[in-house]
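**Q** File target-v7.cif follows (mmCIF, N, CA and C atoms):
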```cif
data_entry
#
loop_
_atom_site.label_atom_id
_atom_site.label_comp_id
_atom_site.auth_asym_id
_atom_site.auth_seq_id
_atom_site.Cartn_x
_atom_site.Cartn_y
_atom_site.Cartn_z
N MET A 100 69.30 -42.86 -110.25
CA MET A 100 69.25 -41.45 -109.91
C MET A 100 67.98 -41.11 -109.13
N LEU A 101 66.85 -41.57 -109.61
CA LEU A 101 65.59 -41.30 -108.93
C LEU A 101 65.57 -41.94 -107.55
N GLY A 102 66.18 -43.10 -107.41
CA GLY A 102 66.26 -43.76 -106.12
C GLY A 102 67.04 -42.95 -105.11
N SER A 103 68.16 -42.34 -105.51
CA SER A 103 68.96 -41.55 -104.59
C SER A 103 68.25 -40.25 -104.22
N VAL A 104 67.49 -39.68 -105.15
CA VAL A 104 66.70 -38.48 -104.83
C VAL A 104 65.64 -38.84 -103.80
N GLY A 105 65.01 -40.00 -103.99
CA GLY A 105 64.00 -40.45 -103.03
C GLY A 105 64.58 -40.65 -101.65
N VAL A 106 65.78 -41.23 -101.56
CA VAL A 106 66.45 -41.43 -100.27
C VAL A 106 66.77 -40.10 -99.62
N VAL A 107 67.27 -39.14 -100.41
CA VAL A 107 67.59 -37.81 -99.89
C VAL A 107 66.32 -37.14 -99.36
N LEU A 108 65.23 -37.22 -100.12
CA LEU A 108 63.97 -36.62 -99.67
C LEU A 108 63.45 -37.30 -98.41
N LEU A 109 63.61 -38.62 -98.33
CA LEU A 109 63.20 -39.35 -97.14
C LEU A 109 64.02 -38.92 -95.93
N LEU A 110 65.32 -38.73 -96.10
CA LEU A 110 66.19 -38.28 -95.00
C LEU A 110 65.82 -36.86 -94.57
N ILE A 111 65.53 -36.01 -95.54
CA ILE A 111 65.12 -34.63 -95.21
C ILE A 111 63.81 -34.67 -94.43
N ALA A 112 62.86 -35.46 -94.89
CA ALA A 112 61.57 -35.56 -94.20
C ALA A 112 61.75 -36.10 -92.78
N ALA A 113 62.60 -37.11 -92.61
CA ALA A 113 62.86 -37.66 -91.28
C ALA A 113 63.50 -36.60 -90.38
N GLY A 114 64.41 -35.81 -90.93
CA GLY A 114 65.05 -34.74 -90.16
C GLY A 114 64.05 -33.69 -89.73
N VAL A 115 63.13 -33.33 -90.61
CA VAL A 115 62.10 -32.34 -90.28
C VAL A 115 61.18 -32.88 -89.18
N VAL A 116 60.78 -34.14 -89.29
CA VAL A 116 59.93 -34.74 -88.27
C VAL A 116 60.65 -34.76 -86.93
N LEU A 117 61.92 -35.14 -86.92
CA LEU A 117 62.70 -35.16 -85.68
C LEU A 117 62.81 -33.75 -85.10
N LEU A 118 63.11 -32.76 -85.94
CA LEU A 118 63.22 -31.38 -85.48
C LEU A 118 61.90 -30.91 -84.89
N LEU A 119 60.79 -31.19 -85.57
CA LEU A 119 59.49 -30.78 -85.07
C LEU A 119 59.16 -31.46 -83.75
N ASN A 120 59.54 -32.72 -83.58
CA ASN A 120 59.31 -33.41 -82.31
C ASN A 120 60.11 -32.78 -81.18
N VAL A 121 61.37 -32.44 -81.43
CA VAL A 121 62.21 -31.81 -80.41
C VAL A 121 61.66 -30.44 -80.04
N VAL A 122 61.34 -29.63 -81.06
CA VAL A 122 60.79 -28.29 -80.80
C VAL A 122 59.43 -28.41 -80.14
N GLY A 123 58.60 -29.34 -80.62
CA GLY A 123 57.28 -29.54 -80.02
C GLY A 123 57.36 -29.96 -78.57
N ALA A 124 58.28 -30.84 -78.25
CA ALA A 124 58.46 -31.29 -76.87
C ALA A 124 58.90 -30.13 -75.98
N THR A 125 59.81 -29.30 -76.48
CA THR A 125 60.28 -28.14 -75.72
C THR A 125 59.13 -27.15 -75.53
N THR A 126 58.34 -26.94 -76.58
CA THR A 126 57.20 -26.03 -76.49
C THR A 126 56.19 -26.53 -75.46
N ASN A 127 55.90 -27.81 -75.49
CA ASN A 127 54.97 -28.38 -74.51
C ASN A 127 55.51 -28.27 -73.09
N GLN A 128 56.81 -28.54 -72.94
CA GLN A 128 57.43 -28.43 -71.61
C GLN A 128 57.38 -26.98 -71.12
N ALA A 129 57.65 -26.03 -72.00
CA ALA A 129 57.61 -24.61 -71.63
C ALA A 129 56.20 -24.21 -71.19
N LYS A 130 55.20 -24.65 -71.91
CA LYS A 130 53.81 -24.34 -71.57
C LYS A 130 53.45 -24.96 -70.22
N ASP A 131 53.87 -26.20 -69.98
CA ASP A 131 53.59 -26.86 -68.70
C ASP A 131 54.26 -26.13 -67.53
N VAL A 132 55.52 -25.74 -67.73
CA VAL A 132 56.23 -25.02 -66.67
C VAL A 132 55.59 -23.65 -66.44
N ALA A 133 55.23 -22.96 -67.53
CA ALA A 133 54.58 -21.66 -67.41
C ALA A 133 53.26 -21.78 -66.66
N ASP A 134 52.49 -22.84 -66.97
CA ASP A 134 51.21 -23.06 -66.26
C ASP A 134 51.43 -23.22 -64.77
N ASP A 135 52.38 -24.07 -64.39
CA ASP A 135 52.59 -24.32 -62.97
C ASP A 135 53.21 -23.11 -62.28
N PHE A 136 54.15 -22.45 -62.93
CA PHE A 136 54.76 -21.24 -62.38
C PHE A 136 53.68 -20.18 -62.13
N THR A 137 52.82 -19.98 -63.11
CA THR A 137 51.74 -19.00 -62.98
C THR A 137 50.78 -19.41 -61.88
N ARG A 138 50.43 -20.69 -61.81
CA ARG A 138 49.54 -21.18 -60.76
C ARG A 138 50.10 -20.86 -59.37
N LEU A 139 51.40 -21.11 -59.19
CA LEU A 139 52.04 -20.82 -57.91
C LEU A 139 52.02 -19.32 -57.61
N MET A 140 52.29 -18.51 -58.61
CA MET A 140 52.30 -17.05 -58.40
C MET A 140 50.91 -16.54 -58.04
N VAL A 141 49.90 -17.00 -58.77
CA VAL A 141 48.52 -16.54 -58.54
C VAL A 141 48.01 -17.01 -57.18
N SER A 142 48.42 -18.19 -56.74
CA SER A 142 47.94 -18.70 -55.45
C SER A 142 48.76 -18.18 -54.27
N GLY A 143 49.66 -17.23 -54.53
CA GLY A 143 50.41 -16.62 -53.44
C GLY A 143 51.64 -17.40 -53.00
N GLU A 144 52.06 -18.36 -53.81
CA GLU A 144 53.20 -19.20 -53.45
C GLU A 144 54.46 -18.79 -54.22
N ALA A 145 54.78 -17.50 -54.19
CA ALA A 145 55.95 -17.00 -54.89
C ALA A 145 57.23 -17.65 -54.39
N ASP A 146 57.27 -17.98 -53.10
CA ASP A 146 58.46 -18.63 -52.56
C ASP A 146 58.67 -20.00 -53.19
N ASN A 147 57.58 -20.75 -53.39
CA ASN A 147 57.69 -22.06 -54.04
C ASN A 147 58.04 -21.92 -55.52
N ALA A 148 57.47 -20.91 -56.18
CA ALA A 148 57.80 -20.65 -57.59
C ALA A 148 59.29 -20.34 -57.72
N TYR A 149 59.81 -19.56 -56.79
CA TYR A 149 61.23 -19.20 -56.78
C TYR A 149 62.09 -20.45 -56.63
N ASP A 150 61.76 -21.27 -55.65
CA ASP A 150 62.56 -22.47 -55.37
C ASP A 150 62.47 -23.50 -56.49
N LYS A 151 61.29 -23.69 -57.04
CA LYS A 151 61.06 -24.77 -57.99
C LYS A 151 61.48 -24.44 -59.42
N TYR A 152 61.30 -23.18 -59.84
CA TYR A 152 61.44 -22.88 -61.26
C TYR A 152 62.52 -21.87 -61.65
N LEU A 153 63.02 -21.08 -60.73
CA LEU A 153 63.98 -20.06 -61.13
C LEU A 153 65.37 -20.65 -61.32
N ASP A 154 65.98 -20.30 -62.44
CA ASP A 154 67.33 -20.72 -62.77
C ASP A 154 68.33 -20.12 -61.78
N SER A 155 69.42 -20.79 -61.55
CA SER A 155 70.42 -20.32 -60.58
C SER A 155 70.97 -18.94 -60.96
N SER A 156 71.11 -18.65 -62.24
CA SER A 156 71.60 -17.32 -62.64
C SER A 156 70.59 -16.24 -62.27
N PHE A 157 69.31 -16.55 -62.38
CA PHE A 157 68.26 -15.59 -61.99
C PHE A 157 68.32 -15.37 -60.48
N ARG A 158 68.51 -16.46 -59.73
CA ARG A 158 68.58 -16.36 -58.27
C ARG A 158 69.77 -15.54 -57.81
N GLN A 159 70.86 -15.56 -58.58
CA GLN A 159 72.02 -14.74 -58.22
C GLN A 159 71.73 -13.25 -58.39
N GLU A 160 70.84 -12.94 -59.33
CA GLU A 160 70.50 -11.54 -59.60
C GLU A 160 69.39 -11.02 -58.70
N VAL A 161 68.44 -11.91 -58.34
CA VAL A 161 67.27 -11.50 -57.57
C VAL A 161 67.14 -12.40 -56.35
N SER A 162 67.20 -11.79 -55.17
CA SER A 162 67.05 -12.58 -53.94
C SER A 162 65.61 -13.06 -53.80
N LYS A 163 65.43 -14.07 -53.01
CA LYS A 163 64.09 -14.60 -52.75
C LYS A 163 63.20 -13.52 -52.13
N GLU A 164 63.77 -12.75 -51.22
CA GLU A 164 63.01 -11.69 -50.55
C GLU A 164 62.55 -10.64 -51.55
N ASP A 165 63.43 -10.23 -52.47
CA ASP A 165 63.06 -9.25 -53.49
C ASP A 165 62.01 -9.81 -54.45
N PHE A 166 62.15 -11.08 -54.80
CA PHE A 166 61.18 -11.72 -55.69
C PHE A 166 59.80 -11.74 -55.03
N ILE A 167 59.75 -12.11 -53.77
CA ILE A 167 58.47 -12.17 -53.04
C ILE A 167 57.88 -10.76 -52.89
N ALA A 168 58.73 -9.77 -52.61
CA ALA A 168 58.25 -8.39 -52.49
C ALA A 168 57.66 -7.90 -53.82
N GLY A 169 58.34 -8.23 -54.92
CA GLY A 169 57.83 -7.84 -56.24
C GLY A 169 56.51 -8.53 -56.54
N HIS A 170 56.40 -9.78 -56.14
CA HIS A 170 55.15 -10.53 -56.31
C HIS A 170 54.01 -9.87 -55.55
N LYS A 171 54.28 -9.46 -54.30
CA LYS A 171 53.24 -8.83 -53.48
C LYS A 171 52.74 -7.54 -54.11
N GLU A 172 53.63 -6.80 -54.76
CA GLU A 172 53.25 -5.55 -55.42
C GLU A 172 52.26 -5.79 -56.56
N LEU A 173 52.31 -6.96 -57.17
CA LEU A 173 51.41 -7.27 -58.28
C LEU A 173 49.97 -7.50 -57.82
N GLU A 174 49.80 -7.87 -56.53
CA GLU A 174 48.48 -8.13 -55.94
C GLU A 174 47.68 -9.13 -56.78
N LEU A 175 48.30 -10.25 -57.07
CA LEU A 175 47.61 -11.32 -57.80
C LEU A 175 46.65 -12.03 -56.85
N ASP A 176 45.56 -12.56 -57.42
CA ASP A 176 44.62 -13.31 -56.60
C ASP A 176 44.04 -14.45 -57.42
N ALA A 177 43.18 -15.23 -56.79
CA ALA A 177 42.62 -16.42 -57.43
C ALA A 177 41.79 -16.12 -58.66
N SER A 178 41.40 -14.87 -58.85
CA SER A 178 40.62 -14.53 -60.05
C SER A 178 41.49 -14.46 -61.31
N CYS A 179 42.80 -14.40 -61.15
CA CYS A 179 43.72 -14.23 -62.28
C CYS A 179 43.86 -15.53 -63.08
N GLU A 180 43.59 -15.44 -64.37
CA GLU A 180 43.70 -16.58 -65.27
C GLU A 180 44.62 -16.21 -66.44
N PRO A 181 45.57 -17.08 -66.76
CA PRO A 181 46.46 -16.76 -67.89
C PRO A 181 45.79 -17.05 -69.23
N THR A 182 46.03 -16.15 -70.16
CA THR A 182 45.65 -16.35 -71.56
C THR A 182 46.95 -16.24 -72.35
N TYR A 183 47.34 -17.33 -72.99
CA TYR A 183 48.62 -17.35 -73.69
C TYR A 183 48.48 -16.79 -75.09
N SER A 184 49.39 -15.89 -75.43
CA SER A 184 49.43 -15.31 -76.76
C SER A 184 50.43 -16.02 -77.65
N GLY A 185 51.47 -16.58 -77.05
CA GLY A 185 52.46 -17.25 -77.86
C GLY A 185 53.46 -18.05 -77.05
N VAL A 186 54.02 -19.03 -77.72
CA VAL A 186 55.09 -19.86 -77.17
C VAL A 186 56.06 -20.11 -78.30
N GLU A 187 57.32 -19.82 -78.06
CA GLU A 187 58.37 -20.11 -79.05
C GLU A 187 59.47 -20.90 -78.35
N SER A 188 60.07 -21.82 -79.09
CA SER A 188 61.15 -22.60 -78.50
C SER A 188 62.10 -23.06 -79.58
N TYR A 189 63.31 -23.38 -79.13
CA TYR A 189 64.33 -23.96 -80.01
C TYR A 189 65.36 -24.65 -79.15
N LYS A 190 66.18 -25.43 -79.80
CA LYS A 190 67.25 -26.15 -79.11
C LYS A 190 68.56 -25.84 -79.82
N GLU A 191 69.58 -25.57 -79.01
CA GLU A 191 70.89 -25.24 -79.56
C GLU A 191 71.96 -25.89 -78.70
N ASP A 192 72.82 -26.68 -79.32
CA ASP A 192 73.92 -27.36 -78.63
C ASP A 192 73.45 -28.12 -77.39
N GLY A 193 72.29 -28.77 -77.49
CA GLY A 193 71.79 -29.57 -76.40
C GLY A 193 71.02 -28.81 -75.33
N THR A 194 70.96 -27.50 -75.45
CA THR A 194 70.23 -26.68 -74.50
C THR A 194 68.93 -26.20 -75.13
N LYS A 195 67.84 -26.33 -74.36
CA LYS A 195 66.52 -25.89 -74.83
C LYS A 195 66.28 -24.46 -74.36
N PHE A 196 65.66 -23.68 -75.23
CA PHE A 196 65.29 -22.30 -74.94
C PHE A 196 63.82 -22.12 -75.28
N ALA A 197 63.11 -21.34 -74.50
CA ALA A 197 61.70 -21.09 -74.78
C ALA A 197 61.30 -19.73 -74.22
N GLU A 198 60.24 -19.21 -74.82
CA GLU A 198 59.65 -17.95 -74.39
C GLU A 198 58.14 -18.14 -74.43
N VAL A 199 57.46 -17.73 -73.37
CA VAL A 199 56.01 -17.83 -73.27
C VAL A 199 55.49 -16.45 -72.88
N TRP A 200 54.44 -16.00 -73.55
CA TRP A 200 53.90 -14.68 -73.21
C TRP A 200 52.39 -14.68 -73.36
N GLY A 201 51.78 -13.70 -72.67
CA GLY A 201 50.33 -13.58 -72.72
C GLY A 201 49.84 -12.54 -71.75
N VAL A 202 48.60 -12.74 -71.29
CA VAL A 202 47.95 -11.79 -70.39
C VAL A 202 47.34 -12.56 -69.23
N LEU A 203 47.55 -12.04 -68.04
CA LEU A 203 46.84 -12.54 -66.85
C LEU A 203 45.59 -11.68 -66.70
N ILE A 204 44.45 -12.29 -66.84
CA ILE A 204 43.19 -11.55 -66.74
C ILE A 204 42.64 -11.77 -65.34
N CYS A 205 42.58 -10.68 -64.58
CA CYS A 205 42.09 -10.71 -63.20
C CYS A 205 40.80 -9.91 -63.11
N ASP A 206 40.07 -10.07 -62.02
CA ASP A 206 38.82 -9.34 -61.86
C ASP A 206 39.01 -7.83 -61.94
N ASP A 207 40.08 -7.32 -61.31
CA ASP A 207 40.24 -5.87 -61.21
C ASP A 207 41.37 -5.30 -62.07
N LYS A 208 42.05 -6.15 -62.85
CA LYS A 208 43.16 -5.66 -63.68
C LYS A 208 43.61 -6.75 -64.65
N ASP A 209 44.32 -6.32 -65.66
CA ASP A 209 44.96 -7.25 -66.59
C ASP A 209 46.46 -6.96 -66.58
N LEU A 210 47.25 -8.02 -66.63
CA LEU A 210 48.70 -7.88 -66.60
C LEU A 210 49.32 -8.66 -67.75
N GLU A 211 50.28 -8.04 -68.41
CA GLU A 211 51.06 -8.75 -69.43
C GLU A 211 52.12 -9.57 -68.73
N PHE A 212 52.41 -10.74 -69.27
CA PHE A 212 53.52 -11.51 -68.73
C PHE A 212 54.35 -12.08 -69.87
N GLU A 213 55.62 -12.28 -69.55
CA GLU A 213 56.54 -12.91 -70.48
C GLU A 213 57.57 -13.67 -69.64
N TYR A 214 57.72 -14.94 -69.93
CA TYR A 214 58.67 -15.80 -69.24
C TYR A 214 59.69 -16.31 -70.25
N PHE A 215 60.94 -16.35 -69.84
CA PHE A 215 62.00 -16.92 -70.65
C PHE A 215 62.56 -18.13 -69.91
N PHE A 216 62.79 -19.21 -70.64
CA PHE A 216 63.24 -20.47 -70.05
C PHE A 216 64.50 -20.95 -70.75
N GLU A 217 65.27 -21.74 -69.99
CA GLU A 217 66.47 -22.36 -70.55
C GLU A 217 66.75 -23.63 -69.74
N GLY A 218 67.33 -24.63 -70.39
CA GLY A 218 67.73 -25.82 -69.67
C GLY A 218 68.05 -26.99 -70.57
N ARG A 219 68.81 -27.92 -70.05
CA ARG A 219 69.16 -29.12 -70.81
C ARG A 219 68.06 -30.18 -70.66
N ASP A 220 67.78 -30.59 -69.44
CA ASP A 220 66.73 -31.58 -69.20
C ASP A 220 65.42 -30.89 -68.83
N GLN A 221 65.48 -30.05 -67.82
CA GLN A 221 64.29 -29.32 -67.38
C GLN A 221 64.46 -27.84 -67.69
N LEU A 222 63.38 -27.22 -68.10
CA LEU A 222 63.42 -25.78 -68.35
C LEU A 222 63.29 -25.04 -67.02
N LYS A 223 64.14 -24.04 -66.86
CA LYS A 223 64.09 -23.17 -65.69
C LYS A 223 63.88 -21.73 -66.17
N VAL A 224 63.22 -20.93 -65.34
CA VAL A 224 62.94 -19.54 -65.68
C VAL A 224 64.23 -18.72 -65.55
N THR A 225 64.58 -18.02 -66.62
CA THR A 225 65.76 -17.16 -66.61
C THR A 225 65.38 -15.67 -66.55
N GLU A 226 64.15 -15.36 -66.93
CA GLU A 226 63.64 -13.99 -66.84
C GLU A 226 62.13 -14.04 -66.69
N VAL A 227 61.59 -13.08 -65.94
CA VAL A 227 60.15 -12.94 -65.76
C VAL A 227 59.79 -11.48 -65.90
N TRP A 228 58.78 -11.22 -66.69
CA TRP A 228 58.22 -9.86 -66.80
C TRP A 228 56.72 -9.97 -66.58
N ILE A 229 56.22 -9.30 -65.55
CA ILE A 229 54.78 -9.21 -65.31
C ILE A 229 54.50 -7.75 -64.97
N GLU A 230 53.69 -7.13 -65.80
CA GLU A 230 53.39 -5.69 -65.56
C GLU A 230 51.98 -5.37 -66.03
N PRO A 231 51.40 -4.29 -65.49
CA PRO A 231 50.03 -3.92 -65.89
C PRO A 231 49.93 -3.71 -67.40
N LEU A 232 48.83 -4.18 -67.95
CA LEU A 232 48.56 -4.02 -69.37
C LEU A 232 48.15 -2.57 -69.62
N GLU A 233 48.79 -1.99 -70.60
CA GLU A 233 48.47 -0.57 -70.90
C GLU A 233 47.67 -0.46 -72.15
#
```
Reformat the file's structure so that it appears as structure tokens.
**A**
Amino acid sequence: MLGSVGVVLLLIAAGVVLLLNVVGATTNQAKDVADDFTRLMVSGEADNAYDKYLDSSFRQEVSKEDFIAGHKELELDASCEPTYSGVESYKEDGTKFAEVWGVLICDDKDLEFEYFFEGRDQLKVTEVWIEPLE
């Protein structure tokens, strides 16, 4: 009896470790994508951010021209540095989901940001919110 309880506990522990590795990997991938996406946006490369990271469903809703115009309205510059407040992720039916949020601290303003990601192999941006911090 004690042996079977030990096996069950070992299987539960192995499952938890596997789950944490999957979630941890997704969280790390989301943070990496958020870093590069933000770097492209801050350096004025919204067109590259659009091409490289936006999910096809997002692209159907927002044209490249509208995305670039919205980016220009934010007036981001090289002084802007992201400070992350949180990253959450999970995996469901083979698809990874993640959310990253924080504040872009710039010389003349601070902006809140929130990115939503989805993907099987690579995470792609499905939603972006960047607005002045109130």
**Q** Spell out the residues picked by the PyMOL selection byres ((chain A and resi 183) around 6.5) here, as a ChimeraX atom specification.
**A** /A:181-182,184-185,200-202
**Q** Distance atom C of Asp192 (chain A)-CA of Glu217 (chain A), one decimal place?
**A**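 Value for the atom C of Asp192 (chain A)-CA of Glu217 (chain A) distance: 11.3 Å.
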**Q** Separation of CA of Trp228 (chain A) and atom C of Asp165 (chain A), in Å?
**A**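 Separation between CA of Trp228 (chain A) and atom C of Asp165 (chain A): 12.9 Å.
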**Q** Which distance in Å separates atom C of Val199 (chain A) and atom C of Tyr214 (chain A), to one decimal?
**A**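 According to the coordinates, atom C of Val199 (chain A) and atom C of Tyr214 (chain A) are separated by 5.0 Å.
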**Q** Please write the residues picked by the PyMOL selection byres ((chain A and resi 223) around 8) on this file as a list in words.
**A** Val132, Lys151, Tyr152, Leu153, Asp154, Ser155, Lys195, Tyr214, Phe215, Phe216, Glu217, Gly218, Arg219, Asp220, Gln221, Leu222, Val224, Thr225 and Glu226 of chain A
**Q** Of the residues A:Ala197, A:Val161, A:Val186, A:Ala177, which is the one nearest to Ser142 (chain A), using only N, CA and C atoms?
**A**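 The shortest atom-to-atom distance to Ser142 (chain A) comes from A:Ala177.
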**Q** For the alpha helix (DSSP H) assignment from backbone DSSP, which residues of chain A qualify? Please present them as a ChimeraX atom specification.
**A** /A:101-141,145-152,155-160,163-173
**Q** Of the candidates A:Glu187, A:Glu174, A:Asp134, A:Glu233, which one gets nearest to Cys205 (chain A) if we count only C-alpha atoms?
**A**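 Ranked by minimum distance to Cys205 (chain A), first place goes to A:Glu174.
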**Q** Which parts of chain A does DSSP call strand (DSSP E or B) when run on the backbone here, written out as a PyMOL selection string?
**A** chain A and resi 153+180-191+194-204+209-218+223-231
**Q** Set the distance at 8 Å and use only N, CA and C atoms: which residues neighbour Tyr149 (chain A) once local chain neighbours fewer than 3 positions away are removed? I'd like the list as a list in words.
**A**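 Contacts, in chain order: Phe136, Leu139, Met140, Glu144, Ala145, Asp146, Tyr152, Leu153, Asp154, Arg158, Lys163, Phe166 and Ile167 of chain A.
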**Q** I'd like to know which of A:Ala124, A:Val227, A:Leu175, A:Ala148 is closest to Ile204 (chain A), using only C-alpha atoms.
**A**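 Looking only at the distances to Ile204 (chain A), the closest residue turns out to be A:Leu175.
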**Q** Under the rule that only C-alpha atoms are counted, which of A:Asn147, A:Gln159, A:Thr137, A:Ser188 is the nearest residue to Leu203 (chain A)?
**A** A:Thr137
